[in-house]
file upload.tsv (TSV, C-alpha atoms)
chain	number	residue	atom	x	y	z
D	1	MET	CA	123.73	73.65	65.52
D	2	ARG	CA	126.94	73.23	67.49
D	3	ALA	CA	126.67	76.88	68.64
D	4	ARG	CA	123.14	76.29	69.90
D	5	VAL	CA	124.19	73.17	71.79
D	6	LEU	CA	127.13	74.96	73.39
D	7	ALA	CA	124.93	77.93	74.27
D	8	ALA	CA	122.44	75.65	75.95
D	9	GLY	CA	125.24	74.07	77.94
D	10	VAL	CA	126.55	77.45	79.06
D	11	ALA	CA	123.07	78.56	80.10
D	12	ALA	CA	122.64	75.40	82.14
D	13	VAL	CA	125.93	76.08	83.94
D	14	LEU	CA	124.84	79.65	84.67
D	15	LEU	CA	121.46	78.63	86.02
D	16	THR	CA	122.91	76.01	88.34
D	17	GLY	CA	126.00	77.95	89.42
D	18	VAL	CA	124.57	81.35	90.37
D	19	PRO	CA	123.10	81.69	93.90
D	20	ALA	CA	119.58	82.93	94.56
D	21	THR	CA	118.96	86.60	93.91
D	22	PRO	CA	118.77	88.91	96.95
D	23	ALA	CA	115.03	89.38	96.42
D	24	ALA	CA	114.35	85.65	96.47
D	25	ALA	CA	116.62	85.03	99.43
D	26	GLY	CA	115.15	87.98	101.30
D	27	GLY	CA	111.61	86.76	100.70
D	28	ALA	CA	112.46	83.44	102.29
D	29	ALA	CA	114.04	85.14	105.28
D	30	ARG	CA	111.07	87.46	105.66
D	31	ALA	CA	108.59	84.60	105.57
D	32	GLY	CA	110.56	82.74	108.21
D	33	SER	CA	110.65	85.78	110.48
D	34	ALA	CA	106.92	86.38	110.10
D	35	ALA	CA	106.13	82.75	110.80
D	36	ALA	CA	108.17	82.83	114.00
D	37	GLY	CA	106.84	86.23	115.08
D	38	VAL	CA	105.60	86.83	118.62
D	39	PRO	CA	102.55	89.11	119.01
D	40	CYS	CA	103.27	92.48	120.61
D	41	PRO	CA	101.74	93.18	124.04
D	42	LYS	CA	98.75	95.44	123.37
D	43	LEU	CA	96.53	97.64	125.49
D	44	PRO	CA	92.82	97.53	124.62
D	45	THR	CA	91.82	100.64	122.71
D	46	PRO	CA	88.45	102.28	122.07
D	47	LYS	CA	87.08	102.29	118.56
D	48	VAL	CA	87.88	105.47	116.68
D	49	THR	CA	86.75	106.90	113.38
D	50	ARG	CA	89.69	107.47	111.06
D	51	PRO	CA	90.28	107.78	107.33
D	52	PRO	CA	91.18	104.58	105.50
D	53	ARG	CA	94.77	103.55	106.10
D	54	PRO	CA	96.96	104.29	103.08
D	55	THR	CA	98.40	101.31	101.25
D	56	PRO	CA	102.12	101.11	102.07
D	57	PRO	CA	104.73	100.31	99.44
D	58	PRO	CA	105.53	96.64	98.89
D	59	ALA	CA	107.81	95.22	101.56
D	60	VAL	CA	111.47	95.05	100.50
D	61	PRO	CA	113.24	92.30	102.46
D	62	GLU	CA	116.61	94.07	102.40
D	63	GLN	CA	115.03	97.13	104.00
D	64	GLN	CA	113.42	95.07	106.74
D	65	ARG	CA	116.75	93.48	107.65
D	66	VAL	CA	118.56	96.79	108.07
D	67	GLY	CA	120.10	96.71	111.53
D	68	GLY	CA	119.87	92.94	111.93
D	69	GLU	CA	117.87	89.87	111.00
D	70	ALA	CA	115.96	89.93	114.30
D	71	LEU	CA	114.34	93.23	113.27
D	72	ALA	CA	112.70	91.69	110.19
D	73	THR	CA	109.44	90.84	111.92
D	74	PRO	CA	105.98	92.40	112.17
D	75	GLY	CA	105.79	91.16	115.75
D	76	LEU	CA	107.78	91.51	118.95
D	77	THR	CA	111.57	91.29	119.04
D	78	VAL	CA	113.33	91.44	122.43
D	79	PRO	CA	116.56	89.95	123.82
D	80	PRO	CA	116.15	86.35	125.04
D	81	GLY	CA	115.47	85.99	128.74
D	82	THR	CA	114.47	89.62	129.30
D	83	PRO	CA	111.21	90.78	130.90
D	84	ALA	CA	108.30	91.38	128.55
D	85	PRO	CA	107.84	95.03	127.56
D	86	PRO	CA	104.76	96.88	128.81
D	87	PRO	CA	101.65	96.74	126.63
D	88	VAL	CA	100.99	99.86	124.56
D	89	THR	CA	98.47	100.91	121.93
D	90	ALA	CA	101.09	101.76	119.29
D	91	THR	CA	101.06	99.62	116.16
D	92	SER	CA	104.87	99.70	116.06
D	93	TRP	CA	107.66	100.93	118.36
D	94	LEU	CA	111.38	100.68	119.04
D	95	VAL	CA	113.76	101.40	121.95
D	96	ALA	CA	117.44	102.05	121.22
D	97	ASP	CA	120.60	103.37	122.86
D	98	LEU	CA	121.48	106.81	121.48
D	99	ASP	CA	125.20	106.38	122.18
D	100	THR	CA	125.99	102.78	121.24
D	101	GLY	CA	123.26	102.42	118.62
D	102	ALA	CA	122.10	99.12	120.14
D	103	VAL	CA	118.43	98.31	119.51
D	104	LEU	CA	117.01	97.00	122.79
D	105	GLY	CA	113.71	95.80	121.38
D	106	GLY	CA	110.78	96.67	119.22
D	107	CYS	CA	107.40	95.79	117.78
D	108	GLY	CA	107.34	95.64	113.98
D	109	PRO	CA	110.34	97.99	113.85
D	110	HIS	CA	110.41	98.04	110.04
D	111	GLU	CA	106.65	98.12	109.45
D	112	TYR	CA	105.42	101.15	107.50
D	113	GLY	CA	103.58	103.83	109.45
D	114	THR	CA	102.39	107.39	108.91
D	115	PRO	CA	104.60	109.93	110.72
D	116	ALA	CA	102.49	113.03	111.45
D	117	SER	CA	104.57	115.73	113.16
D	118	VAL	CA	107.46	113.52	114.25
D	119	GLN	CA	108.53	114.07	110.63
D	120	LYS	CA	109.69	117.48	111.79
D	121	LEU	CA	112.70	115.68	113.27
D	122	LEU	CA	113.80	114.79	109.74
D	123	LEU	CA	113.43	118.47	108.83
D	124	ALA	CA	115.63	119.33	111.82
D	125	ALA	CA	118.25	116.71	110.93
D	126	THR	CA	118.36	118.13	107.40
D	127	MET	CA	118.21	121.90	107.94
D	128	LEU	CA	119.55	122.59	111.42
D	129	PRO	CA	123.23	122.42	110.36
D	130	LYS	CA	122.55	124.75	107.40
D	131	LEU	CA	120.82	127.70	109.06
D	132	ASN	CA	122.25	130.49	111.20
D	133	PRO	CA	120.08	130.68	114.36
D	134	LYS	CA	120.77	134.40	114.76
D	135	GLN	CA	119.65	135.34	111.25
D	136	VAL	CA	116.40	137.35	111.12
D	137	VAL	CA	114.11	136.17	108.32
D	138	THR	CA	110.89	137.42	106.76
D	139	VAL	CA	107.80	135.23	106.43
D	140	THR	CA	106.13	135.02	103.02
D	141	ARG	CA	102.54	134.16	102.16
D	142	PRO	CA	103.39	130.63	100.85
D	143	ASP	CA	105.00	129.80	104.20
D	144	LEU	CA	101.56	130.08	105.77
D	145	ASP	CA	99.91	127.71	103.29
D	146	ILE	CA	98.99	124.94	105.74
D	147	GLU	CA	95.93	122.80	106.34
D	148	PRO	CA	93.21	124.85	108.08
D	149	GLY	CA	92.97	123.96	111.74
D	150	SER	CA	96.38	122.26	111.84
D	151	SER	CA	99.00	123.23	114.41
D	152	ALA	CA	100.72	126.56	113.85
D	153	VAL	CA	102.95	128.92	115.80
D	154	GLY	CA	101.11	131.99	114.57
D	155	LEU	CA	103.80	133.47	112.32
D	156	LEU	CA	102.60	136.50	110.38
D	157	ASP	CA	102.89	137.29	106.70
D	158	ARG	CA	105.80	139.78	106.36
D	159	GLY	CA	106.67	139.17	110.01
D	160	ARG	CA	110.37	139.11	110.90
D	161	TYR	CA	111.72	136.46	113.29
D	162	PRO	CA	115.10	135.07	114.34
D	163	VAL	CA	115.71	131.58	112.92
D	164	GLU	CA	116.16	130.28	116.48
D	165	THR	CA	112.63	131.46	117.33
D	166	VAL	CA	111.29	129.63	114.28
D	167	TRP	CA	113.02	126.40	115.38
D	168	LEU	CA	111.49	126.74	118.83
D	169	GLY	CA	108.09	127.28	117.25
D	170	LEU	CA	108.61	124.09	115.26
D	171	LEU	CA	109.69	121.90	118.17
D	172	LEU	CA	107.66	123.34	121.06
D	173	GLN	CA	104.40	124.14	119.30
D	174	SER	CA	104.72	121.80	116.28
D	175	GLY	CA	104.19	124.75	113.97
D	176	ASN	CA	103.45	123.70	110.40
D	177	ASP	CA	103.99	127.31	109.33
D	178	ALA	CA	107.46	127.14	110.90
D	179	ALA	CA	108.16	123.89	108.99
D	180	ASN	CA	107.35	125.51	105.63
D	181	LEU	CA	109.52	128.51	106.45
D	182	LEU	CA	112.52	126.43	107.57
D	183	ALA	CA	112.29	124.16	104.52
D	184	ARG	CA	112.27	127.22	102.27
D	185	LEU	CA	115.17	128.86	104.09
D	186	GLY	CA	117.28	125.73	103.85
D	187	ALA	CA	116.58	124.79	100.25
D	188	GLY	CA	114.97	127.71	98.42
D	189	SER	CA	111.40	126.37	98.55
D	190	ALA	CA	109.32	124.01	100.65
D	191	ALA	CA	109.27	121.47	97.79
D	192	ALA	CA	113.05	121.60	97.46
D	193	GLY	CA	113.29	121.22	101.23
D	194	VAL	CA	111.27	118.00	101.06
D	195	ARG	CA	113.63	116.67	98.39
D	196	GLU	CA	116.59	117.40	100.66
D	197	MET	CA	114.81	115.70	103.56
D	198	ASN	CA	114.41	112.56	101.47
D	199	ALA	CA	118.05	112.67	100.45
D	200	GLU	CA	119.03	112.97	104.11
D	201	ALA	CA	116.81	109.99	104.99
D	202	ARG	CA	118.68	107.90	102.39
D	203	ARG	CA	122.03	109.02	103.80
D	204	LEU	CA	121.00	108.06	107.32
D	205	GLY	CA	119.83	104.61	106.20
D	206	ALA	CA	116.15	105.44	106.79
D	207	TRP	CA	115.19	103.60	103.61
D	208	GLN	CA	111.51	103.25	104.55
D	209	THR	CA	111.01	106.98	105.05
D	210	HIS	CA	109.49	109.10	102.31
D	211	ALA	CA	108.49	112.69	103.08
D	212	VAL	CA	105.85	114.52	101.08
D	213	THR	CA	105.43	117.56	103.33
D	214	PRO	CA	108.07	119.24	105.52
D	215	SER	CA	105.69	119.32	108.49
D	216	GLY	CA	104.36	115.76	108.52
D	217	LEU	CA	100.89	116.83	107.43
D	218	ASP	CA	99.47	113.82	105.60
D	219	GLY	CA	100.31	113.40	101.94
D	220	PRO	CA	100.00	110.51	99.47
D	221	GLY	CA	102.93	108.11	99.72
D	222	GLN	CA	104.27	109.55	102.98
D	223	PHE	CA	105.61	106.82	105.27
D	224	THR	CA	108.26	106.01	107.84
D	225	SER	CA	109.02	103.26	110.36
D	226	ALA	CA	109.87	103.08	114.05
D	227	TYR	CA	113.42	102.05	113.14
D	228	ASP	CA	113.86	104.96	110.73
D	229	LEU	CA	112.61	107.42	113.34
D	230	ALA	CA	115.27	106.15	115.75
D	231	LEU	CA	117.98	106.75	113.13
D	232	ILE	CA	116.71	110.29	112.58
D	233	ALA	CA	116.33	111.01	116.31
D	234	ARG	CA	119.87	109.80	116.98
D	235	VAL	CA	121.26	112.41	114.60
D	236	CYS	CA	119.08	115.12	116.14
D	237	PHE	CA	120.08	114.34	119.73
D	238	ALA	CA	123.76	114.34	118.74
D	239	ASP	CA	123.37	118.09	118.04
D	240	PRO	CA	123.69	120.22	121.21
D	241	THR	CA	121.57	122.98	119.67
D	242	PHE	CA	118.72	120.54	119.05
D	243	ARG	CA	119.00	119.22	122.61
D	244	ARG	CA	118.72	122.75	123.96
D	245	TYR	CA	115.66	123.47	121.82
D	246	ALA	CA	114.00	120.16	122.75
D	247	LEU	CA	114.33	120.88	126.48
D	248	THR	CA	113.10	124.47	126.28
D	249	GLU	CA	109.89	124.76	128.27
D	250	ARG	CA	108.66	128.08	126.90
D	251	THR	CA	109.72	130.96	124.70
D	252	GLN	CA	108.46	134.35	123.57
D	253	ILE	CA	107.39	134.98	119.99
D	254	PRO	CA	108.46	138.58	119.39
D	255	ALA	CA	106.04	141.42	118.68
D	256	GLN	CA	105.78	142.75	115.13
D	257	PRO	CA	105.62	146.54	115.44
D	258	ALA	CA	105.46	147.08	111.68
D	259	LEU	CA	102.34	144.91	111.58
D	260	ARG	CA	100.97	146.28	114.87
D	261	LYS	CA	100.85	142.83	116.44
D	262	PRO	CA	101.95	142.02	119.99
D	263	GLY	CA	104.23	139.18	120.98
D	264	PHE	CA	103.07	136.07	122.82
D	265	GLN	CA	104.39	133.05	124.68
D	266	ILE	CA	104.38	129.42	123.59
D	267	GLN	CA	105.01	126.31	125.71
D	268	ASN	CA	106.57	122.93	124.98
D	269	GLU	CA	103.82	120.38	124.27
D	270	ASN	CA	105.99	117.36	125.13
D	271	GLN	CA	104.95	116.36	128.64
D	272	LEU	CA	107.96	114.05	128.98
D	273	ILE	CA	110.24	116.99	129.79
D	274	TYR	CA	108.08	118.01	132.75
D	275	ARG	CA	107.21	114.60	134.16
D	276	TYR	CA	110.03	112.16	133.41
D	277	PRO	CA	113.30	112.39	135.37
D	278	GLY	CA	116.24	112.68	133.02
D	279	ALA	CA	114.10	113.58	129.99
D	280	LEU	CA	116.02	114.92	126.99
D	281	GLY	CA	112.99	115.93	124.95
D	282	GLY	CA	111.49	114.66	121.73
D	283	LYS	CA	108.50	115.29	119.51
D	284	THR	CA	104.79	114.59	119.55
D	285	GLY	CA	102.57	114.10	116.51
D	286	PHE	CA	98.95	113.53	115.58
D	287	THR	CA	96.70	113.46	112.53
D	288	ASP	CA	93.41	111.63	112.04
D	289	LEU	CA	95.21	109.32	109.63
D	290	ALA	CA	98.45	108.71	111.54
D	291	ARG	CA	96.87	108.75	115.00
D	292	HIS	CA	99.38	109.52	117.76
D	293	THR	CA	103.09	109.30	116.99
D	294	TYR	CA	105.89	109.98	119.42
D	295	VAL	CA	109.66	110.24	119.81
D	296	GLY	CA	111.18	110.73	123.26
D	297	ALA	CA	114.61	110.38	124.84
D	298	ALA	CA	115.96	110.31	128.39
D	299	GLU	CA	119.18	109.76	130.31
D	300	ARG	CA	119.64	107.58	133.38
D	301	GLY	CA	122.84	106.31	134.98
D	302	GLY	CA	124.98	107.63	132.15
D	303	ARG	CA	122.84	105.84	129.57
D	304	ARG	CA	120.76	107.64	126.93
D	305	LEU	CA	117.80	105.84	125.36
D	306	VAL	CA	115.30	106.85	122.69
D	307	VAL	CA	111.82	105.47	122.08
D	308	THR	CA	109.74	105.82	118.91
D	309	LEU	CA	106.04	104.98	118.48
D	310	LEU	CA	103.69	104.98	115.50
D	311	GLY	CA	99.92	104.52	115.26
D	312	ALA	CA	99.10	104.88	118.96
D	313	GLU	CA	95.81	105.84	120.60
D	314	ALA	CA	95.71	108.31	123.49
D	315	ARG	CA	93.37	106.13	125.53
D	316	PRO	CA	93.78	104.50	127.94
D	317	VAL	CA	97.36	105.88	128.04
D	318	ARG	CA	98.66	108.94	126.23
D	319	GLY	CA	101.46	108.64	123.71
D	320	TRP	CA	104.21	110.21	125.80
D	321	GLU	CA	103.24	107.98	128.76
D	322	GLN	CA	103.52	104.89	126.56
D	323	GLY	CA	106.95	106.15	125.57
D	324	ALA	CA	107.87	106.66	129.24
D	325	ARG	CA	106.86	103.08	130.10
D	326	LEU	CA	108.98	101.71	127.28
D	327	LEU	CA	111.92	103.85	128.39
D	328	ASP	CA	111.58	102.41	131.91
D	329	TRP	CA	111.62	98.93	130.40
D	330	GLY	CA	114.72	99.74	128.37
D	331	PHE	CA	116.64	101.19	131.30
D	332	ALA	CA	115.92	98.01	133.29
D	333	LEU	CA	117.64	95.83	130.67
D	334	PRO	CA	121.34	94.90	130.93
D	335	ARG	CA	123.65	97.31	129.13
D	336	ASP	CA	124.73	94.65	126.65
D	337	ALA	CA	121.17	93.58	125.74
D	338	SER	CA	120.26	94.07	122.08
D	339	VAL	CA	118.41	92.60	119.12
D	340	GLY	CA	120.15	94.69	116.46
D	341	ARG	CA	121.71	98.08	115.91
D	342	LEU	CA	121.13	101.49	114.39
D	343	VAL	CA	123.24	101.80	111.25
D	344	GLU	CA	125.62	104.75	111.01
D	345	PRO	CA	124.95	107.72	108.70
D	346	GLY	CA	126.30	106.97	105.24
D	347	GLU	CA	126.89	103.30	106.01
D	348	LEU	CA	124.35	101.89	103.57
D	349	THR	CA	125.09	104.33	100.76
D	350	ALA	CA	128.81	103.63	101.13
D	351	ALA	CA	128.14	99.90	100.92
D	352	SER	CA	125.98	100.31	97.82
D	353	PRO	CA	126.27	103.86	96.39
D	354	SER	CA	124.27	103.03	93.25
D	355	ALA	CA	121.37	101.28	95.00
D	356	PRO	CA	118.05	103.01	94.27
D	357	PRO	CA	115.84	103.99	97.22
D	358	SER	CA	113.41	101.14	96.55
D	359	THR	CA	116.10	98.45	96.70
D	360	PRO	CA	118.60	99.36	99.42
D	361	VAL	CA	121.33	96.95	100.43
D	362	ALA	CA	121.74	96.63	104.19
D	363	ALA	CA	123.67	93.43	104.57
D	364	ALA	CA	124.26	90.56	102.22
D	365	PRO	CA	121.27	88.20	102.26
D	366	ALA	CA	122.01	84.77	103.65
D	367	ALA	CA	121.83	83.12	100.25
D	368	SER	CA	124.43	85.47	98.76
D	369	ARG	CA	126.89	85.53	101.66
D	370	PRO	CA	130.03	83.37	101.36
D	371	THR	CA	129.66	80.05	103.15
D	372	PRO	CA	131.27	80.21	106.62
D	373	GLY	CA	134.85	79.08	106.32
D	374	ALA	CA	134.95	79.64	102.56
D	375	PRO	CA	137.74	81.93	101.27
D	376	GLN	CA	136.71	85.49	100.49
D	377	TRP	CA	137.88	85.20	96.90
D	378	LEU	CA	135.39	82.42	96.21
D	379	GLY	CA	132.41	84.76	95.69
D	380	GLY	CA	134.48	86.88	93.32
D	381	ALA	CA	135.64	83.81	91.45
D	382	VAL	CA	132.06	82.62	90.99
D	383	ILE	CA	131.00	86.05	89.77
D	384	GLY	CA	134.03	86.33	87.49
D	385	GLY	CA	133.45	82.83	86.11
D	386	ALA	CA	129.80	83.62	85.48
D	387	ALA	CA	130.78	86.79	83.65
D	388	GLY	CA	133.25	84.82	81.52
D	389	LEU	CA	130.60	82.25	80.65
D	390	VAL	CA	128.23	85.05	79.65
D	391	GLY	CA	130.92	86.43	77.34
D	392	LEU	CA	131.56	82.98	75.85
D	393	LEU	CA	127.84	82.54	75.25
D	394	ALA	CA	127.69	85.86	73.39
D	395	VAL	CA	130.68	84.91	71.18
D	396	LEU	CA	129.23	81.50	70.33
D	397	LEU	CA	125.87	83.00	69.39
D	398	ALA	CA	127.58	85.63	67.22
D	399	VAL	CA	129.64	82.94	65.43
D	400	GLY	CA	126.50	80.91	64.82
D	401	ARG	CA	124.72	83.95	63.36
D	402	ARG	CA	127.65	84.71	61.01
D	403	ARG	CA	127.76	81.10	59.75
D	404	ARG	CA	124.02	81.08	59.09
D	405	SER	CA	124.33	84.45	57.29
D	406	ARG	CA	127.10	83.13	55.01
D	407	ARG	CA	125.01	80.04	54.16
D	408	ARG	CA	122.05	82.28	53.26
D	409	VAL	CA	124.29	84.44	51.04
D	410	ARG	CA	125.64	81.36	49.19
D	411	ARG	CA	122.09	80.12	48.64
D	412	ARG	CA	120.97	83.51	47.22
D	413	VAL	CA	123.96	83.54	44.83
D	414	ALA	CA	123.08	80.00	43.57
D	415	TRP	CA	119.41	80.97	43.07
D	416	ASP	CA	120.35	84.11	41.14

call {"tool": "encode", "arguments": {"input": "upload.tsv", "output": "structure tokens"}}
result
Amino acid sequence: MRARVLAAGVAAVLLTGVPATPAAAGGAARAGSAAAGVPCPKLPTPKVTRPPRPTPPPAVPEQQRVGGEALATPGLTVPPGTPAPPPVTATSWLVADLDTGAVLGGCGPHEYGTPASVQKLLLAATMLPKLNPKQVVTVTRPDLDIEPGSSAVGLLDRGRYPVETVWLGLLLQSGNDAANLLARLGAGSAAAGVREMNAEARRLGAWQTHAVTPSGLDGPGQFTSAYDLALIARVCFADPTFRRYALTERTQIPAQPALRKPGFQIQNENQLIYRYPGALGGKTGFTDLARHTYVGAAERGGRRLVVTLLGAEARPVRGWEQGARLLDWGFALPRDASVGRLVEPGELTAASPSAPPSTPVAAAPAASRPTPGAPQWLGGAVIGGAAGLVGLLAVLLAVGRRRRSRRRVRRRVAWD
């Protein structure tokens, strides 16, 4: 009896002394952000026929606070006192500084969206450092297994191409055949390439990104966010080889004499590089499900900005033009303006190396952070004390069980 009373007392101490769990604290923060959200400026769009939107994974508050509390909103987040951003048709977007990592503003930056071909940037971030651009590779039949009618470079079965040409086919012409080939070259198979892409997304802190195909062709459970795309784009634009590819206007796909096929020219589909002063390139995307997606970057006055959009419609303004308007807005803001930041590669995994993808840890939730002014050892002391109380509880319960067992043995002996 005494053991049960003591155990109850210990449990009461534990229940009153331990702060709220991160999930509970995050839910409260998320609700507060949503309640205070400001609607995003929207352009009117025509009605379109599209497949049903896929159901996104449940929102994880820690994921939505990655980069700063102000980013945990489905609505508009901009620095106080700055001009309103231009209206666009995109369901979510973000503008960030490629060099400092400052997030200048966004609309639902951590809301799930379907990537379409901007997912090829994750393929580039994953495989570009691994492949020799001068290597000549041979296309196999599985590399050409893509959705009929989807974008392709026109690679040929048993055709031989330099890796650099394949990258240009991926980024200029959004070739899904090129995506399969590059994923295979980098990881042994397209499926293994997708696994490596997802591992790279985790490393970058793109916790809301899950790839199912290397090309961005729709697949069940495939999602990303405007914030994640900015993390991925920042890594890509840090690579001088990627920057050169992204600004290439046209290239020649070589002839295949052994197959008796002539060569041909392809052009860059990203209109930003032709029409926007200081453009650095980017990537376009479209599927019936994702609608128009876009990533674009530009430099002005020694400042490099990137814009990401998901779920846009091409009317009344095309995707790249919406991106250009948001870039103009970003360049007009003061250099120190921000509502958050892009986390550094490896930052989140270093902070919580054992955290599973579904429960990343970005920053300590408010309820679990030490009270301002409290000593740093206090949190450890509370945790250590709680652990000690748990141990004491276990000992007391064990003692109680042993005493009851001995009483039962004595009773059996008397009855026998």

call {"tool": "residues_near_point", "arguments": {"input": "upload.tsv", "point": "(99.8, 124.2, 102.5)", "cutoff": "12 Å", "atoms": "only C-alpha atoms", "output": "list in words"}}
result
Arg141, Pro142, Asp143, Leu144, Asp145, Ile146, Glu147, Pro148, Gly149, Ser150, Ser151, Ala152, Asn176, Asp177, Ala178, Ala179, Asn180, Leu181, Ala190, Ala191, Val212, Thr213, Pro214, Ser215, Gly216, Leu217, Asp218 and Gly219 of chain D

call {"tool": "write_last_selection", "arguments": {"input": "upload.tsv", "atoms": "C-alpha atoms", "output": "PDB file, in the frame of the given file"}}
result
ATOM      1  CA  ARG D 141     102.540 134.160 102.160  1.00  0.00           C
ATOM      2  CA  PRO D 142     103.390 130.630 100.850  1.00  0.00           C
ATOM      3  CA  ASP D 143     105.000 129.800 104.200  1.00  0.00           C
ATOM      4  CA  LEU D 144     101.560 130.080 105.770  1.00  0.00           C
ATOM      5  CA  ASP D 145      99.910 127.710 103.290  1.00  0.00           C
ATOM      6  CA  ILE D 146      98.990 124.940 105.740  1.00  0.00           C
ATOM      7  CA  GLU D 147      95.930 122.800 106.340  1.00  0.00           C
ATOM      8  CA  PRO D 148      93.210 124.850 108.080  1.00  0.00           C
ATOM      9  CA  GLY D 149      92.970 123.960 111.740  1.00  0.00           C
ATOM     10  CA  SER D 150      96.380 122.260 111.840  1.00  0.00           C
ATOM     11  CA  SER D 151      99.000 123.230 114.410  1.00  0.00           C
ATOM     12  CA  ALA D 152     100.720 126.560 113.850  1.00  0.00           C
ATOM     13  CA  ASN D 176     103.450 123.700 110.400  1.00  0.00           C
ATOM     14  CA  ASP D 177     103.990 127.310 109.330  1.00  0.00           C
ATOM     15  CA  ALA D 178     107.460 127.140 110.900  1.00  0.00           C
ATOM     16  CA  ALA D 179     108.160 123.890 108.990  1.00  0.00           C
ATOM     17  CA  ASN D 180     107.350 125.510 105.630  1.00  0.00           C
ATOM     18  CA  LEU D 181     109.520 128.510 106.450  1.00  0.00           C
ATOM     19  CA  ALA D 190     109.320 124.010 100.650  1.00  0.00           C
ATOM     20  CA  ALA D 191     109.270 121.470  97.790  1.00  0.00           C
ATOM     21  CA  VAL D 212     105.850 114.520 101.080  1.00  0.00           C
ATOM     22  CA  THR D 213     105.430 117.560 103.330  1.00  0.00           C
ATOM     23  CA  PRO D 214     108.070 119.240 105.520  1.00  0.00           C
ATOM     24  CA  SER D 215     105.690 119.320 108.490  1.00  0.00           C
ATOM     25  CA  GLY D 216     104.360 115.760 108.520  1.00  0.00           C
ATOM     26  CA  LEU D 217     100.890 116.830 107.430  1.00  0.00           C
ATOM     27  CA  ASP D 218      99.470 113.820 105.600  1.00  0.00           C
ATOM     28  CA  GLY D 219     100.310 113.400 101.940  1.00  0.00           C
TER      29      GLY D 219
END

call {"tool": "residues_around", "arguments": {"input": "upload.tsv", "residues": "D:Leu168", "least_positions_apart": "2", "cutoff": "12 Å", "atoms": "only C-alpha atoms", "output": "PyMOL selection string"}}
result
chain D and resi 120+124+128+133+152-153+161-166+170-175+178-179+182+241-253+265-269+283

call {"tool": "closest_residue", "arguments": {"input": "upload.tsv", "among": "D:His210, D:Gly67, D:Leu131, D:Ala226", "to": "D:Ala187", "atoms": "all atoms listed in the file"}}
result
D:Leu131

call {"tool": "closest_residue", "arguments": {"input": "upload.tsv", "among": "D:Gly188, D:Pro257, D:Pro240, D:Pro220", "to": "D:Leu280", "atoms": "only C-alpha atoms"}}
result
D:Pro240

call {"tool": "residues_around", "arguments": {"input": "upload.tsv", "residues": "D:Ala238", "least_positions_apart": "5", "cutoff": "10 Å", "atoms": "all atoms listed in the file", "output": "PyMOL selection string"}}
result
chain D and resi 98-99+125+233+243

call {"tool": "closest_residue", "arguments": {"input": "upload.tsv", "among": "D:Leu348, D:Val139, D:Ala201, D:Val295", "to": "D:Gln271", "atoms": "only C-alpha atoms"}}
result
D:Val295

call {"tool": "atom_distance", "arguments": {"input": "upload.tsv", "atom1": "atom CA of D:Pro52", "atom2": "atom CA of D:Leu289"}}
result
7.5 Å

call {"tool": "atom_distance", "arguments": {"input": "upload.tsv", "atom1": "atom CA of D:Thr55", "atom2": "atom CA of D:Leu104"}}
result
28.8 Å

call {"tool": "closest_residue", "arguments": {"input": "upload.tsv", "among": "D:Gln256, D:Gln119, D:Asn270, D:Ser338", "to": "D:Ala324", "atoms": "all atoms listed in the file"}}
result
D:Asn270

call {"tool": "atom_distance", "arguments": {"input": "upload.tsv", "atom1": "atom CA of D:Arg335", "atom2": "atom CA of D:Lys42"}}
result
25.6 Å

call {"tool": "residues_near_point", "arguments": {"input": "upload.tsv", "point": "(104.7, 140.9, 113.0)", "cutoff": "7 Å", "atoms": "all atoms listed in the file", "output": "number ranges by chain"}}
result
D: 156, 158-160, 255-261

call {"tool": "closest_atom_pairs", "arguments": {"input": "upload.tsv", "of": "stretch 310-347 of chain D", "to": "stretch 85-96 of chain D", "cutoff": "9 Å", "atoms": "only C-alpha atoms", "output": "CSV"}}
result
residue,atom,partner,partner_atom,distance
D:Leu310,CA,D:Ser92,CA,5.4
D:Gly311,CA,D:Ala90,CA,5.0
D:Ala312,CA,D:Ala90,CA,3.7
D:Glu313,CA,D:Thr89,CA,5.8
D:Ala314,CA,D:Thr89,CA,8.1
D:Arg315,CA,D:Thr89,CA,8.1
D:Pro316,CA,D:Thr89,CA,8.4
D:Val317,CA,D:Val88,CA,7.8
D:Gly319,CA,D:Ala90,CA,8.2
D:Gln322,CA,D:Val88,CA,6.0
D:Gly323,CA,D:Val88,CA,8.7
D:Arg325,CA,D:Pro86,CA,6.7
D:Leu326,CA,D:Pro86,CA,6.6
D:Leu327,CA,D:Val95,CA,7.1
D:Trp329,CA,D:Pro85,CA,6.1
D:Gly330,CA,D:Val95,CA,6.7
D:Ser338,CA,D:Ala96,CA,8.5
D:Arg341,CA,D:Ala96,CA,7.9
D:Leu342,CA,D:Ala96,CA,7.8

call {"tool": "closest_residue", "arguments": {"input": "upload.tsv", "among": "D:Trp167, D:Pro109, D:Gln208, D:Arg53", "to": "D:Lys134", "atoms": "only C-alpha atoms"}}
result
D:Trp167

call {"tool": "closest_residue", "arguments": {"input": "upload.tsv", "among": "D:Phe237, D:Phe264, D:Tyr227, D:Trp207", "to": "D:Gly169", "atoms": "all atoms listed in the file"}}
result
D:Phe264

call {"tool": "residues_around", "arguments": {"input": "upload.tsv", "residues": "D:Ile232", "least_positions_apart": "3", "cutoff": "7 Å", "atoms": "only C-alpha atoms", "output": "JSON, numbers by chain"}}
result
{"D": [121, 122, 125, 228, 229, 235, 236]}
